[in-house]
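Asks: See my_file.pdb below, with PDB, C-alpha atoms and all ligand atoms.
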```pdb
ATOM      1  CA  MET A   1      82.662 -45.198 -50.608
ATOM      2  CA  ASP A   2      82.752 -41.452 -51.345
ATOM      3  CA  SER A   3      82.903 -42.232 -55.071
ATOM      4  CA  ASN A   4      79.309 -43.500 -54.617
ATOM      5  CA  ILE A   5      78.187 -40.023 -53.562
ATOM      6  CA  ALA A   6      76.579 -38.363 -56.580
ATOM      7  CA  LEU A   7      75.647 -34.725 -57.038
ATOM      8  CA  ARG A   8      72.552 -33.836 -59.030
ATOM      9  CA  HIS A   9      69.749 -31.313 -59.321
ATOM     10  CA  PHE A  10      66.934 -31.482 -56.776
ATOM     11  CA  LYS A  11      63.705 -33.259 -57.726
ATOM     12  CA  MET A  12      60.390 -32.492 -56.032
ATOM     13  CA  GLU A  13      60.336 -35.998 -54.502
ATOM     14  CA  ASP A  14      63.575 -35.115 -52.610
ATOM     15  CA  ALA A  15      61.716 -32.498 -50.544
ATOM     16  CA  GLN A  16      61.012 -34.700 -47.516
ATOM     17  CA  ARG A  17      64.629 -35.855 -47.262
ATOM     18  CA  CYS A  18      65.962 -32.296 -47.634
ATOM     19  CA  SER A  19      63.514 -31.166 -44.972
ATOM     20  CA  SER A  20      64.807 -33.880 -42.586
ATOM     21  CA  LEU A  21      68.418 -32.849 -43.269
ATOM     22  CA  MET A  22      67.674 -29.204 -42.421
ATOM     23  CA  GLN A  23      65.544 -30.019 -39.381
ATOM     24  CA  ASP A  24      68.225 -32.312 -37.968
ATOM     25  CA  HIS A  25      70.790 -29.538 -38.401
ATOM     26  CA  PHE A  26      68.768 -26.887 -36.586
ATOM     27  CA  LEU A  27      67.504 -29.149 -33.801
ATOM     28  CA  ASN A  28      70.704 -31.046 -33.059
ATOM     29  CA  HIS A  29      73.718 -29.148 -34.381
ATOM     30  CA  ALA A  30      73.170 -25.375 -34.709
ATOM     31  CA  THR A  31      74.174 -24.888 -31.097
ATOM     32  CA  ASN A  32      75.414 -21.343 -31.669
ATOM     33  CA  LEU A  33      71.763 -20.241 -31.996
ATOM     34  CA  PRO A  34      69.317 -19.862 -29.085
ATOM     35  CA  ILE A  35      67.157 -22.967 -28.692
ATOM     36  CA  GLU A  36      63.914 -21.082 -29.387
ATOM     37  CA  VAL A  37      65.334 -19.847 -32.705
ATOM     38  CA  ARG A  38      66.498 -23.372 -33.580
ATOM     39  CA  ILE A  39      63.049 -24.815 -32.917
ATOM     40  CA  GLN A  40      61.340 -22.010 -34.838
ATOM     41  CA  ILE A  41      63.557 -22.422 -37.902
ATOM     42  CA  SER A  42      63.398 -26.226 -37.723
ATOM     43  CA  ASN A  43      59.595 -26.193 -37.640
ATOM     44  CA  SER A  44      59.533 -23.962 -40.698
ATOM     45  CA  ARG A  45      61.727 -26.286 -42.812
ATOM     46  CA  THR A  46      58.900 -28.539 -43.996
ATOM     47  CA  SER A  47      58.837 -30.401 -47.297
ATOM     48  CA  GLU A  48      56.252 -27.854 -48.503
ATOM     49  CA  TYR A  49      58.782 -25.086 -47.705
ATOM     50  CA  ILE A  50      61.466 -26.902 -49.728
ATOM     51  CA  GLN A  51      59.107 -27.409 -52.671
ATOM     52  CA  LYS A  52      58.221 -23.703 -52.564
ATOM     53  CA  ILE A  53      61.816 -22.432 -52.511
ATOM     54  CA  ALA A  54      62.744 -24.869 -55.288
ATOM     55  CA  THR A  55      60.655 -22.732 -57.634
ATOM     56  CA  ASP A  56      62.928 -19.673 -57.347
ATOM     57  CA  ARG A  57      66.393 -21.182 -56.859
ATOM     58  CA  ILE A  58      68.643 -23.984 -58.020
ATOM     59  CA  ILE A  59      69.040 -26.751 -55.456
ATOM     60  CA  ILE A  60      71.789 -29.369 -55.679
ATOM     61  CA  VAL A  61      71.699 -32.552 -53.619
ATOM     62  CA  ALA A  62      74.409 -35.067 -52.727
ATOM     63  CA  SER A  63      72.989 -38.563 -52.658
ATOM     64  CA  LEU A  64      74.354 -41.860 -51.436
ATOM     65  CA  LYS A  65      72.150 -44.594 -52.875
ATOM     66  CA  ASP A  66      68.633 -43.370 -52.024
ATOM     67  CA  LYS A  67      69.711 -41.177 -49.120
ATOM     68  CA  ILE A  68      70.285 -37.424 -49.360
ATOM     69  CA  ILE A  69      73.320 -36.548 -47.262
ATOM     70  CA  GLY A  70      73.987 -33.006 -48.428
ATOM     71  CA  MET A  71      72.476 -30.054 -50.230
ATOM     72  CA  GLY A  72      73.166 -26.503 -51.320
ATOM     73  CA  ALA A  73      71.215 -23.887 -53.227
ATOM     74  CA  LEU A  74      71.749 -20.829 -55.371
ATOM     75  CA  LYS A  75      69.310 -17.918 -55.319
ATOM     76  CA  GLU A  76      70.451 -15.584 -58.081
ATOM     77  CA  ASN A  77      74.169 -15.579 -57.150
ATOM     78  CA  GLU A  78      73.739 -16.137 -53.417
ATOM     79  CA  ILE A  79      74.518 -19.518 -51.879
ATOM     80  CA  ARG A  80      71.803 -20.704 -49.511
ATOM     81  CA  HIS A  81      70.879 -23.845 -47.605
ATOM     82  CA  MET A  82      74.299 -25.518 -47.413
ATOM     83  CA  TYR A  83      74.089 -28.627 -45.286
ATOM     84  CA  VAL A  84      76.033 -31.867 -45.100
ATOM     85  CA  GLU A  85      74.809 -34.515 -42.682
ATOM     86  CA  SER A  86      77.121 -34.442 -39.663
ATOM     87  CA  LYS A  87      78.551 -37.944 -40.036
ATOM     88  CA  TYR A  88      79.547 -37.201 -43.659
ATOM     89  CA  GLN A  89      81.222 -33.848 -42.960
ATOM     90  CA  ARG A  90      84.933 -33.162 -43.604
ATOM     91  CA  ARG A  91      85.057 -35.516 -46.609
ATOM     92  CA  GLY A  92      84.919 -32.866 -49.302
ATOM     93  CA  ILE A  93      81.192 -33.174 -50.043
ATOM     94  CA  GLY A  94      80.435 -29.544 -49.152
ATOM     95  CA  SER A  95      83.280 -28.388 -51.406
ATOM     96  CA  ARG A  96      81.927 -30.510 -54.275
ATOM     97  CA  ILE A  97      78.504 -28.873 -53.839
ATOM     98  CA  ILE A  98      80.129 -25.407 -53.873
ATOM     99  CA  ARG A  99      81.980 -26.178 -57.126
ATOM    100  CA  PHE A 100      78.711 -27.368 -58.715
ATOM    101  CA  LEU A 101      76.952 -24.145 -57.640
ATOM    102  CA  GLU A 102      79.869 -22.031 -58.901
ATOM    103  CA  ARG A 103      79.532 -23.610 -62.359
ATOM    104  CA  GLU A 104      75.786 -22.958 -62.367
ATOM    105  CA  ALA A 105      76.316 -19.288 -61.426
ATOM    106  CA  TYR A 106      79.093 -18.876 -63.987
ATOM    107  CA  GLU A 107      76.931 -20.348 -66.735
ATOM    108  CA  LYS A 108      74.178 -17.891 -65.812
ATOM    109  CA  GLY A 109      76.675 -15.056 -66.350
ATOM    110  CA  PHE A 110      77.255 -13.942 -62.766
ATOM    111  CA  PRO A 111      80.777 -12.568 -62.181
ATOM    112  CA  SER A 112      80.812 -13.655 -58.531
ATOM    113  CA  ILE A 113      78.932 -15.634 -55.920
ATOM    114  CA  ILE A 114      78.209 -14.496 -52.394
ATOM    115  CA  VAL A 115      77.167 -16.155 -49.165
ATOM    116  CA  ASN A 116      75.998 -14.927 -45.788
ATOM    117  CA  SER A 117      77.779 -17.385 -43.558
ATOM    118  CA  VAL A 118      76.119 -18.322 -40.311
ATOM    119  CA  ASP A 119      76.692 -21.356 -38.100
ATOM    120  CA  GLN A 120      80.475 -20.911 -37.870
ATOM    121  CA  SER A 121      81.112 -21.936 -41.470
ATOM    122  CA  GLU A 122      83.374 -19.000 -42.452
ATOM    123  CA  ASP A 123      86.494 -21.228 -42.560
ATOM    124  CA  PHE A 124      84.747 -23.624 -44.933
ATOM    125  CA  TYR A 125      84.067 -20.790 -47.395
ATOM    126  CA  THR A 126      87.528 -19.191 -47.136
ATOM    127  CA  LYS A 127      89.045 -22.654 -47.717
ATOM    128  CA  ASN A 128      86.922 -22.727 -50.891
ATOM    129  CA  GLY A 129      88.337 -19.429 -52.148
ATOM    130  CA  PHE A 130      85.829 -16.930 -50.730
ATOM    131  CA  GLN A 131      86.917 -13.631 -49.199
ATOM    132  CA  SER A 132      85.268 -12.324 -46.047
ATOM    133  CA  LEU A 133      83.829  -8.843 -46.636
ATOM    134  CA  ILE A 134      81.751  -7.567 -43.709
ATOM    135  CA  LYS A 135      79.803  -8.653 -40.669
ATOM    136  CA  THR A 136      76.080  -8.518 -41.357
ATOM    137  CA  ARG A 137      72.740  -9.364 -39.818
ATOM    138  CA  ILE A 138      70.280 -11.364 -41.857
ATOM    139  CA  GLU A 139      66.627 -12.190 -41.389
ATOM    140  CA  ARG A 140      65.754 -15.875 -41.564
ATOM    141  CA  HIS A 141      62.140 -16.773 -40.926
ATOM    142  CA  GLY A 142      61.478 -13.990 -38.463
ATOM    143  CA  SER A 143      64.804 -14.335 -36.632
ATOM    144  CA  ILE A 144      67.737 -11.943 -36.980
ATOM    145  CA  LEU A 145      71.028 -13.844 -37.218
ATOM    146  CA  GLU A 146      74.627 -12.644 -37.059
ATOM    147  CA  ALA A 147      76.437 -13.465 -40.306
ATOM    148  CA  ILE A 148      79.527 -12.731 -42.357
ATOM    149  CA  LEU A 149      79.195 -11.786 -46.010
ATOM    150  CA  LEU A 150      81.745 -13.518 -48.243
ATOM    151  CA  GLU A 151      82.308 -13.306 -51.996
ATOM    152  CA  LYS A 152      84.159 -15.316 -54.607
ATOM    153  CA  PHE A 153      84.840 -14.100 -58.136
ATOM    154  CA  LEU A 154      84.237 -16.725 -60.789
ATOM    155  CA  ASP A 155      86.399 -17.605 -63.725
ATOM    156  CA  LYS A 156      86.616 -20.628 -65.965
TER     157      LYS A 156
HETATM  158  C1  LIG B 201      79.721 -26.138 -43.716
HETATM  159  C2  LIG B 201      79.503 -27.538 -44.281
HETATM  160  C3  LIG B 201      78.459 -27.474 -45.396
HETATM  161  C4  LIG B 201      80.839 -28.036 -44.873
HETATM  162  O1  LIG B 201      80.633 -29.296 -45.498
HETATM  163  P1  LIG B 201      81.782 -30.414 -45.504
HETATM  164  O2  LIG B 201      81.373 -31.479 -46.465
HETATM  165  O3  LIG B 201      82.078 -30.846 -44.126
HETATM  166  O4  LIG B 201      83.012 -29.564 -46.063
HETATM  167  P2  LIG B 201      84.389 -30.077 -46.717
HETATM  168  O5  LIG B 201      84.689 -31.469 -46.253
HETATM  169  O6  LIG B 201      84.302 -29.861 -48.189
HETATM  170  O7  LIG B 201      85.416 -29.041 -46.053
HETATM  171  C5  LIG B 201      86.439 -28.406 -46.794
HETATM  172  C6  LIG B 201      87.311 -27.610 -45.849
HETATM  173  O8  LIG B 201      86.531 -26.579 -45.217
HETATM  174  C7  LIG B 201      86.994 -26.415 -43.868
HETATM  175  N1  LIG B 201      85.912 -26.761 -42.937
HETATM  176  C8  LIG B 201      84.807 -27.487 -43.188
HETATM  177  N2  LIG B 201      84.035 -27.581 -42.086
HETATM  178  C9  LIG B 201      84.682 -26.891 -41.124
HETATM  179  C10 LIG B 201      84.390 -26.624 -39.761
HETATM  180  N3  LIG B 201      83.275 -27.062 -39.165
HETATM  181  N4  LIG B 201      85.287 -25.887 -39.045
HETATM  182  C11 LIG B 201      86.419 -25.441 -39.626
HETATM  183  N5  LIG B 201      86.755 -25.654 -40.941
HETATM  184  C12 LIG B 201      85.891 -26.372 -41.664
HETATM  185  C13 LIG B 201      88.167 -27.359 -43.668
HETATM  186  O9  LIG B 201      89.350 -26.645 -43.980
HETATM  187  C14 LIG B 201      87.886 -28.430 -44.700
HETATM  188  O10 LIG B 201      89.049 -29.066 -45.140
HETATM  189  P3  LIG B 201      89.736 -30.244 -44.252
HETATM  190  O11 LIG B 201      88.628 -31.173 -43.788
HETATM  191  O12 LIG B 201      90.674 -30.877 -45.212
HETATM  192  O13 LIG B 201      90.410 -29.545 -43.114
HETATM  193  C15 LIG B 201      79.095 -28.559 -43.190
HETATM  194  O14 LIG B 201      80.049 -28.514 -42.152
HETATM  195  C16 LIG B 201      77.720 -28.283 -42.594
HETATM  196  O15 LIG B 201      76.709 -28.776 -43.098
HETATM  197  N6  LIG B 201      77.681 -27.511 -41.511
HETATM  198  C17 LIG B 201      76.428 -27.226 -40.820
HETATM  199  C18 LIG B 201      75.534 -26.282 -41.624
HETATM  200  C19 LIG B 201      76.233 -24.998 -42.030
HETATM  201  O16 LIG B 201      77.026 -24.438 -41.283
HETATM  202  N7  LIG B 201      75.905 -24.527 -43.241
HETATM  203  C20 LIG B 201      76.448 -23.298 -43.779
HETATM  204  C21 LIG B 201      75.473 -22.186 -43.515
HETATM  205  S1  LIG B 201      76.002 -20.670 -44.320
END
```
Could you render the structure as structure tokens?
Ligand SMILES: CC(C)(COP(=O)(O)OP(=O)(O)OC[C@H]1O[C@@H](n2cnc3c(N)ncnc32)[C@H](O)[C@@H]1OP(=O)(O)O)[C@@H](O)C(=O)NCCC(=O)NCCS
Replies:
Amino acid sequence: MDSNIALRHFKMEDAQRCSSLMQDHFLNHATNLPIEVRIQISNSRTSEYIQKIATDRIIIVASLKDKIIGMGALKENEIRHMYVESKYQRRGIGSRIIRFLEREAYEKGFPSIIVNSVDQSEDFYTKNGFQSLIKTRIERHGSILEAILLEKFLDK
């Protein structure tokens, strides 16, 4: 069944489904964050928000038939918005999205990609060849979140 999961570039008509994926994550799964932060971030992840950010970054989606079950984005050389729907996690979809984003960054001439990992995803990135650099704090929609900055150097 996983061979039916295709990766492709985001289209504007995907915005509602990407919004639902993000909102589900923050409302139901991001339990390491305070509930008020989860609600605030979830409310901000509207389809209009997705359409706006799609103008300044590359977004990749993983689709199964008409359903979007995963996504990831690249802003300059920073990975953003990595989500795989919970029931499809641990099947290699997130890693496939990372490899797609790595190729995009490499083709744009970046020597490395970085990510500020929140939501306890550090192991996922180290498993994909990233090195943890420092603990950081990042601002996401008015909330300050604890994060870890990781980097991966790109080669062919
Ligand atoms: C992080 C996330 C995108 C990973 O997607 P995924 O499709 O499940 O990842 P993969 O199946 O490619 O995982 C590859 C490896 O990463 C590691 N990994 C993935 N998720 C992990 C987790 N929750 N805890 C520990 N290790 C994990 C495992 O070693 C895994 O290999 P294995 O399943 O053979 O043990 C997904 O769990 C997710 O959407 N999480 C919620 C949102 C999030 O945290 N986003 C990142 C914000 S920076």
Asks: Give the answer as one residue: which of A:His81, A:Lys152, A:Arg17, A:His29 has the shortest atom-to-atom distance to Ser112 in chain A, using all atoms listed in the file?
Replies: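 Looking at the shortest contact to Ser112 in chain A, the residue is A:Lys152.
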Asks: Could the residues of range 105-142 of chain A that have an atom at most 12 Å from range 36-57 of chain A be listed as JSON lines, each with its closest atom pair and the distance in Å to one decimal, counting all atoms listed in the file and ordered by chain and ascending residue number?
Replies:
```
{"residue": "A:Ala105", "atom": "CA", "partner": "A:Arg57", "partner_atom": "CA", "distance": 11.1}
{"residue": "A:Asp119", "atom": "CA", "partner": "A:Arg38", "partner_atom": "CA", "distance": 11.3}
{"residue": "A:Glu139", "atom": "CA", "partner": "A:Ile41", "partner_atom": "CA", "distance": 11.2}
{"residue": "A:Arg140", "atom": "CA", "partner": "A:Ile41", "partner_atom": "CA", "distance": 7.8}
{"residue": "A:His141", "atom": "CA", "partner": "A:Ile41", "partner_atom": "CA", "distance": 6.6}
{"residue": "A:Gly142", "atom": "CA", "partner": "A:Ile41", "partner_atom": "CA", "distance": 8.7}
```
Asks: Please extract the residues at most 7 Å from ligand LIG 201 (chain B), counting all atoms listed in the file, and provide them as a list of chain:residue names, using the chain letters and residue numbers of this document.
Replies: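 Checking all atoms listed in the file against ligand LIG 201 (chain B) at 7 Å gives A:His25, A:Arg80, A:His81, A:Met82, A:Tyr83, A:Val84, A:Glu85, A:Ser86, A:Tyr88, A:Gln89, A:Arg90, A:Arg91, A:Gly92, A:Ile93, A:Gly94, A:Ser95, A:Arg96, A:Val115, A:Asn116, A:Ser117, A:Val118, A:Asp119, A:Gln120, A:Ser121, A:Asp123, A:Phe124, A:Tyr125, A:Lys127, A:Asn128.
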Asks: Given all atoms listed in the file as the basis, pick out the residue of A:Leu64, A:Leu154, A:Leu101, A:Ile144 nearest to Glu76 in chain A.
Replies: A:Leu101
Asks: So, counting only C-alpha atoms, which residue among A:Ile79, A:Ile148, A:Ile68, A:Ile97 is closest to Glu13 in chain A?
Replies: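 Checking each of A:Ile79, A:Ile148, A:Ile68, A:Ile97 against Glu13 in chain A, counting only C-alpha atoms, the winner is A:Ile68.
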Asks: Record the distance separating CA of Ala73 in chain A and CA of Phe100 in chain A, expressed in Å with one decimal.
Replies: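 Between CA of Ala73 in chain A and CA of Phe100 in chain A the gap works out to 9.9 Å.
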Asks: On this file, the PyMOL selection byres (((chain A and resi 134) around 7) and not hetatm) gives some set of residues; write that set as a list in words.
Replies: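 This file gives the following for the PyMOL selection byres (((chain A and resi 134) around 7) and not hetatm): Ser132, Leu133, Lys135, Thr136, Ile148 and Leu149 of chain A.
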Asks: Kindly list the centre and edge lengths in Å, rounded to one decimal, for the axis-aligned box that covers all listed atoms of range 121-130 of chain A plus 4 Å on each of its six sides, as JSON.
Replies:
```
{"center_x": 85.1, "center_y": -20.3, "center_z": -46.8, "size_x": 15.9, "size_y": 14.7, "size_z": 18.7}
```
Asks: Using all atoms listed in the file, which of A:Lys87, A:Glu104, A:Ile114, A:Asp66 sits nearest Asp24 in chain A?
Replies: A:Lys87
Asks: Identify, on the basis of only C-alpha atoms, every residue whose closest approach to Asp155 in chain A does not exceed 9 Å; exclude the query and any residue fewer than 2 positions from it along the same chain; express the result as a VMD selection string.
Replies: chain A and resid 106 111 to 112 153
Asks: Interatomic distance between CA of Thr31 in chain A and CA of Lys11 in chain A?
Replies: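 Between CA of Thr31 in chain A and CA of Lys11 in chain A the gap is 29.8 Å.
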Asks: Quick one, how far is CA of Arg103 in chain A from CA of Gln23 in chain A?
Replies: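 Computed distance, CA of Arg103 in chain A to CA of Gln23 in chain A, equals 27.7 Å.
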Asks: Starting from the displayed file, determine the output of the PyMOL selection byres (((chain A and resi 5) around 6) and not hetatm) and express the residue list as a PDB file with C-alpha atoms, in the coordinates of the input.
Replies:
```
ATOM      1  CA  ASP A   2      82.752 -41.452 -51.345  1.00  0.00           C
ATOM      2  CA  SER A   3      82.903 -42.232 -55.071  1.00  0.00           C
ATOM      3  CA  ASN A   4      79.309 -43.500 -54.617  1.00  0.00           C
ATOM      4  CA  ALA A   6      76.579 -38.363 -56.580  1.00  0.00           C
ATOM      5  CA  SER A  63      72.989 -38.563 -52.658  1.00  0.00           C
ATOM      6  CA  LEU A  64      74.354 -41.860 -51.436  1.00  0.00           C
TER       7      LEU A  64
END
```
Asks: Calculated over only C-alpha atoms, which of the candidates A:Gly70, A:Arg99, A:Ile113, A:Arg137 has the smallest distance to Cys18 in chain A?
Replies: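 Answer, going by the shortest atom-to-atom distance: A:Gly70.
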